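Beneath this line is the structure, given in structure tokens, with notes to follow.
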Amino acid sequence: MNAVARRALGTCYYPEHWPEEIWREDARRMRAAGLSWVRIGEFAWSRLEPAPGDLHFDWLDRAVETLADAGLKITLGTPTATPPRWMLDKYPDMLAVDESGRPRKFGSRRHYCFSHRGYLGECRRIAGLLGQRYGADERISAWQIDNEYGCHDTTLSYSGAALSGFRDWLAQRYQSPAALNRAWGNVFWSMEYASFDEIDLPNSTVTEPNPAHSHAFRRYTSDQVVRFNAVQAAELRKWTNAPLVHNYMGRILDFDHYKVGADLDVASWDSYPLGFPFDRIESDTETRAFYLRQGDPDFQAFHHDLYRAVGRGRWWVMEQQPGPVNWAPWNPAPLPGMVRLWTWEAFAHGAELVSYFRWRQAPFAQEQMHTGLLRTDSADAPALDEVRKVANEIEAMPNAGTAKAPVAIVFDYESQWAWETQPQGADFDYFNLAFSAYRALRRQGASIDILPPSIADLSQYELVLVPGLMSLSDELQSAIERADARVVLGPRFNSKTREFQIPDPLPPSWEGIDIQVALAESLPPEAQVDVAGGGGIHRWLERLDGDAEAVLHTTDGAPVLVGDRVQYLAGWPDEVLWDRLVAGWLDDAGITRIRLAEGLRVRDTADRRFVFNYGSTKASFESAEIEPGGVHWTPLP
Ligand code: GAL
């Protein structure tokens, strides 16, 4: 579908926030700035249905007409992230409940529990009503379902609805309490159950709950998000052929995005490069200061590649930061040029659309300090000029798409839950492990694909990294066996069964690499184990038994990397070691490394090499001098 989409720009607009008299002029100015898409409606439930069954579509009809008349394509959102106040009178128990048992009340947004059947029915109903009214309307070019699943920590809920849903889910999965007891090892600490109705949610226990219990709850919860989305998707598909989209967030890992994405046509995400660094990215204060007004040079790229996989090739940025946001602990302004740079980085990774959040800054309510493309007084905000510039540049480079990367990282949501449940070391974090590998590859100029653990074909890759994968599926095992690529497994690879037990035989249990992980230790920040030749292992180190010859070992002679085409990595490399390892793997695979000055990053499309300067000083690349915040492109070498 849509093999050569055209790169496009858009914005997020809230007609219900503004007097109707200004809609037309707003729409005209959007078009004049080079925007061709507008997203509306995703929080408007209280205006669409101010009281149960009292439907008001007239204003939305007029908004659609005004925006479409100006030549804008419309993404219409279902408003299910913001149920109106009356919904609570109908379903007082629909709120999510936090881990300590407190309901998360009305007065902001996302105040619902994914397990609540009554609320799910209301979402199906409103999606159906919108579908019925606008589904065949060609002015609606896409649909967004809900808004940012999981944002504000709203995936996990310990409500009554979650409890009864979890018990049903367990009964279906295990069939008998005896089977569940065996699978979880409940003989330990006399945790055995005689009936599914005895099983509680894994919160408020005296000390940690059984990890198998926690993991089952994580899986159950993820399934509720998938179902919630699938119900609305199925409802909308009765009425429309337009693509269905969800806007995911950065580093939200509590549900399996690949599974949600399987029911949609396009993945999108909300990219806030200056909001993320303070709470979502591990870095030291010096590095953060260096990138203060530019954002992390790899975090957005990682998510672009991740959501390209979630969208099975089709993906957008639904919300792009245009200036200071309101929600981070500190909210700096971007360096001039960064809005353009972020936009082109997304396009270089294959985005079809980059849409800015939001059109006009709101003078009221929670986000009044969040900038838009217009100020509250309707004057142009600084980003608008950069948007115009990108719009002009797109004319010369209209086609969306990116290159097939030669390198891939397998990224798995279940492994995130597993190592959150059982980190074993305070800083063992799956996302950070995968991201540290990704960063190392980017530092060498590599273009990267991120792959789901269900990937069945690796034949197009030269190098595949599989860090921290909890359990190996048959599918991935045979894909690795059939591939020609260098594949690097570990650390912590295949170290749990699907039921969260230590497997027998011991991991990695890979035919052809004659080793077993005999012991694993986690290391505090002050401890680092040096590796012969430079760099070291921190956080996590495994001791290997077996005969396989080490390619790399610690200065004490313990194996760190073993194997041949398929290798096993027995620890968490520090930055120096990652750089060494990645350089070696890329050289072996015949992938040219690119020398990059500090702050520069590269992404190849099918015909161009894009170079981005995230640094705060000028940097040279080949014969070009790139300003801070600058973008440079050349034909592919
Ligand atoms: C996103 C959200 C938007 C808006 C924005 C502010 O997380 O989807 O509705 O709140 O953040 O940065």
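Chain identifiers are assigned as A, B, and so on, following the order in which chains appear in the structure tokens; residues are numbered from 1 within each chain, and ligands are numbered from 1 in order of appearance.
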Protein and nucleic acid residues within 8 Å of ligand 1 (only C-alpha atoms and all ligand atoms) as a VMD selection string: chain A and resid 147 to 148 151 247 249 270 272 275 319 321 325 to 327 357 367 370
I need the residues from that last selection saved to file as a short mmCIF file (atom, residue, chain, number, x, y, z; two decimals), in the first residue's frame (with C-alpha atoms), if you can.
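Written output follows (part-v1.cif):
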data_model
loop_
_atom_site.label_atom_id
_atom_site.label_comp_id
_atom_site.auth_asym_id
_atom_site.auth_seq_id
_atom_site.Cartn_x
_atom_site.Cartn_y
_atom_site.Cartn_z
CA ASN A 147 -3.98 8.93 22.18
CA GLU A 148 -0.63 7.68 23.47
CA CYS A 151 1.47 7.66 28.65
CA ASN A 247 0.40 7.72 18.14
CA MET A 249 5.21 7.66 22.82
CA ASP A 270 5.18 11.71 19.36
CA TYR A 272 9.70 15.53 21.98
CA GLY A 275 11.39 16.77 26.82
CA GLU A 319 3.45 15.11 17.12
CA GLN A 321 8.00 19.34 19.30
CA VAL A 325 7.24 21.89 26.07
CA ASN A 326 5.64 22.21 29.49
CA TRP A 327 6.01 18.78 31.04
CA PHE A 357 2.16 19.67 18.05
CA GLU A 367 -0.44 23.00 28.52
CA HIS A 370 3.67 24.48 25.72
#
Which polymer residues have any atom within 8 Å of an atom of region 281-295 of chain A, counting only C-alpha atoms, with same-chain residues fewer than 6 positions away left out, as a ChimeraX atom specification? /A:273-274,332-335,338,432,614-616,629
Only N, CA, C and O atoms, please: the residues just picked out, written as a short mmCIF file (atom, residue, chain, number, x, y, z; two decimals), in the first residue's frame.
data_model
loop_
_atom_site.label_atom_id
_atom_site.label_comp_id
_atom_site.auth_asym_id
_atom_site.auth_seq_id
_atom_site.Cartn_x
_atom_site.Cartn_y
_atom_site.Cartn_z
N PRO A 273 12.07 15.81 21.49
CA PRO A 273 13.51 15.60 21.76
C PRO A 273 14.03 16.35 22.99
O PRO A 273 14.95 15.85 23.64
N LEU A 274 13.46 17.52 23.31
CA LEU A 274 13.98 18.25 24.47
C LEU A 274 13.23 17.91 25.75
O LEU A 274 13.64 18.30 26.84
N PRO A 332 13.90 23.67 27.97
CA PRO A 332 14.69 24.58 27.15
C PRO A 332 14.09 24.76 25.75
O PRO A 332 13.28 23.96 25.30
N ALA A 333 14.55 25.82 25.09
CA ALA A 333 14.13 26.08 23.70
C ALA A 333 15.15 25.46 22.75
O ALA A 333 16.34 25.41 23.06
N PRO A 334 14.68 25.01 21.61
CA PRO A 334 15.62 24.42 20.65
C PRO A 334 16.55 25.46 20.04
O PRO A 334 16.19 26.63 19.89
N LEU A 335 17.73 25.00 19.68
CA LEU A 335 18.66 25.80 18.89
C LEU A 335 18.00 26.12 17.55
O LEU A 335 17.28 25.28 17.01
N MET A 338 16.84 23.35 14.76
CA MET A 338 16.59 21.98 15.24
C MET A 338 15.23 21.44 14.79
O MET A 338 15.09 20.24 14.56
N ASN A 432 17.88 0.19 28.03
CA ASN A 432 19.21 0.81 28.01
C ASN A 432 20.25 -0.09 27.36
O ASN A 432 21.17 0.40 26.70
N TYR A 614 24.02 17.44 15.53
CA TYR A 614 23.40 17.62 16.85
C TYR A 614 24.32 18.37 17.79
O TYR A 614 23.95 18.64 18.93
N GLY A 615 25.51 18.67 17.35
CA GLY A 615 26.47 19.32 18.23
C GLY A 615 26.16 20.80 18.40
O GLY A 615 25.31 21.37 17.71
N SER A 616 26.89 21.42 19.33
CA SER A 616 26.64 22.85 19.51
C SER A 616 27.71 23.70 18.84
O SER A 616 27.76 24.90 19.03
N GLY A 629 22.84 22.28 14.45
CA GLY A 629 21.44 22.26 14.03
C GLY A 629 21.30 22.14 12.51
O GLY A 629 20.20 22.23 11.98
#
From A:Gly10, A:Pro243, A:Pro452, A:Pro322, residue lying nearest Met30 (chain A) [only C-alpha atoms]: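 So, comparing all the options, the nearest one is A:Gly10.
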Selection: 12 Å around Gly165 (chain A), only C-alpha atoms, excl. self and same-chain fewer than 2 positions, as JSON, numbers by chain: {"A": [113, 114, 115, 116, 117, 157, 158, 159, 160, 161, 162, 163, 167, 168, 169, 170, 171, 172, 196, 197, 199, 200, 201, 217, 220, 221, 223, 224]}
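The space separating CA of Thr634 (chain A) from CA of Ala8 (chain A) comes to 21.1 Å.
Nearest-residue note for Ile140 (chain A): choosing from A:Gln501, A:Ser222, A:Ser46, A:Thr240, the minimum distance belongs to A:Thr240, counting only C-alpha atoms.
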As a PyMOL selection string, please: all residues of region 17-240 of chain A that backbone DSSP puts in alpha helix (DSSP H). chain A and resi 23-32+45-48+58-69+86-90+117-134+160-174+177-184+211-237
Neighbour list for Thr66 (chain A) as a PyMOL selection string, cut-off 9 Å, only C-alpha atoms, skip fewer than 5 positions in-chain: chain A and resi 23-24+27+61
For the selection you just gave me, I'd like the residues written to a file as a tab-separated table (two decimals), in the first residue's frame, keeping N, CA and C atoms.
chain	number	residue	atom	x	y	z
A	23	TRP	N	-11.33	29.71	12.42
A	23	TRP	CA	-10.92	28.43	11.83
A	23	TRP	C	-10.42	28.60	10.39
A	24	ARG	N	-11.18	29.40	9.62
A	24	ARG	CA	-10.85	29.51	8.20
A	24	ARG	C	-9.47	30.13	8.00
A	27	ALA	N	-6.78	27.67	8.92
A	27	ALA	CA	-6.58	26.68	7.86
A	27	ALA	C	-5.80	27.28	6.70
A	61	ASP	N	-18.67	18.75	11.95
A	61	ASP	CA	-18.97	18.83	10.50
A	61	ASP	C	-18.40	20.12	9.93
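Every protein or nucleic acid residue with an atom no more than 7 Å from Leu569 (chain A), counting only C-alpha atoms and leaving out same-chain residues fewer than 4 positions away, appears here: Val488, Leu489, Gly490, Pro491, Val560, Leu561 and Val562 of chain A.
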Report as a list in words: the residues of region 58-230 of chain A with a DSSP assignment of strand (DSSP E), based on the backbone of this structure. Lys73, Ile74, Thr75, Leu76, Gly77, Ile140, Ser141, Ala142, Trp143 and Gln144 of chain A
Requested write-out: N, CA, C and O atoms of the selected residues, as a short mmCIF file (atom, residue, chain, number, x, y, z; two decimals), in the first residue's frame:
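Generated output (out_27.cif):
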data_model
loop_
_atom_site.label_atom_id
_atom_site.label_comp_id
_atom_site.auth_asym_id
_atom_site.auth_seq_id
_atom_site.Cartn_x
_atom_site.Cartn_y
_atom_site.Cartn_z
N LYS A 73 -5.68 17.57 4.40
CA LYS A 73 -6.14 16.21 4.68
C LYS A 73 -6.32 16.08 6.18
O LYS A 73 -5.51 16.61 6.94
N ILE A 74 -7.33 15.33 6.58
CA ILE A 74 -7.66 15.29 8.01
C ILE A 74 -7.42 13.91 8.60
O ILE A 74 -7.82 12.90 8.02
N THR A 75 -6.76 13.89 9.74
CA THR A 75 -6.74 12.69 10.59
C THR A 75 -7.72 12.95 11.71
O THR A 75 -7.59 13.94 12.45
N LEU A 76 -8.71 12.08 11.83
CA LEU A 76 -9.72 12.27 12.89
C LEU A 76 -9.43 11.28 14.02
O LEU A 76 -9.26 10.08 13.78
N GLY A 77 -9.38 11.81 15.24
CA GLY A 77 -9.08 10.96 16.39
C GLY A 77 -10.34 10.46 17.07
O GLY A 77 -11.35 11.17 17.12
N ILE A 140 -11.79 12.73 5.29
CA ILE A 140 -11.06 12.12 6.41
C ILE A 140 -10.07 11.13 5.81
O ILE A 140 -10.45 10.06 5.33
N SER A 141 -8.81 11.46 5.87
CA SER A 141 -7.80 10.66 5.17
C SER A 141 -7.14 9.63 6.07
O SER A 141 -6.39 8.77 5.59
N ALA A 142 -7.33 9.74 7.37
CA ALA A 142 -6.79 8.74 8.31
C ALA A 142 -7.54 8.87 9.63
O ALA A 142 -8.17 9.90 9.90
N TRP A 143 -7.42 7.83 10.43
CA TRP A 143 -8.05 7.82 11.77
C TRP A 143 -6.98 7.53 12.80
O TRP A 143 -6.19 6.59 12.63
N GLN A 144 -6.99 8.30 13.86
CA GLN A 144 -6.14 7.97 15.01
C GLN A 144 -7.01 7.37 16.10
O GLN A 144 -8.01 7.97 16.50
#
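Picture a line from CA of Val310 (chain A) to CA of Ala267 (chain A); it runs 6.1 Å.
Note that CA of Phe166 (chain A) and CA of Ile126 (chain A) are 26.0 Å apart.
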Polymer residues at most 12 Å from region 93-99 of chain A, only C-alpha atoms, same-chain spacing of 2 or more positions, as a ChimeraX atom specification: /A:82-83,85-91,101-107,109-122,150,152-163,201-205,221
Would you mind listing what lies within 8 Å of Glu521 (chain A) as a list in words, with only C-alpha atoms counted and same-chain residues fewer than 3 positions away left out?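 Here the qualifying residues turn out to be Trp540, Leu541 and Glu542 of chain A.
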Determine the nearest neighbour of Leu600 (chain A) from the options A:Glu395, A:Glu462, A:Asp296, A:Asp579, counting only C-alpha atoms.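 Comparing A:Glu395, A:Glu462, A:Asp296, A:Asp579 against Leu600 (chain A), the winner is A:Asp296.
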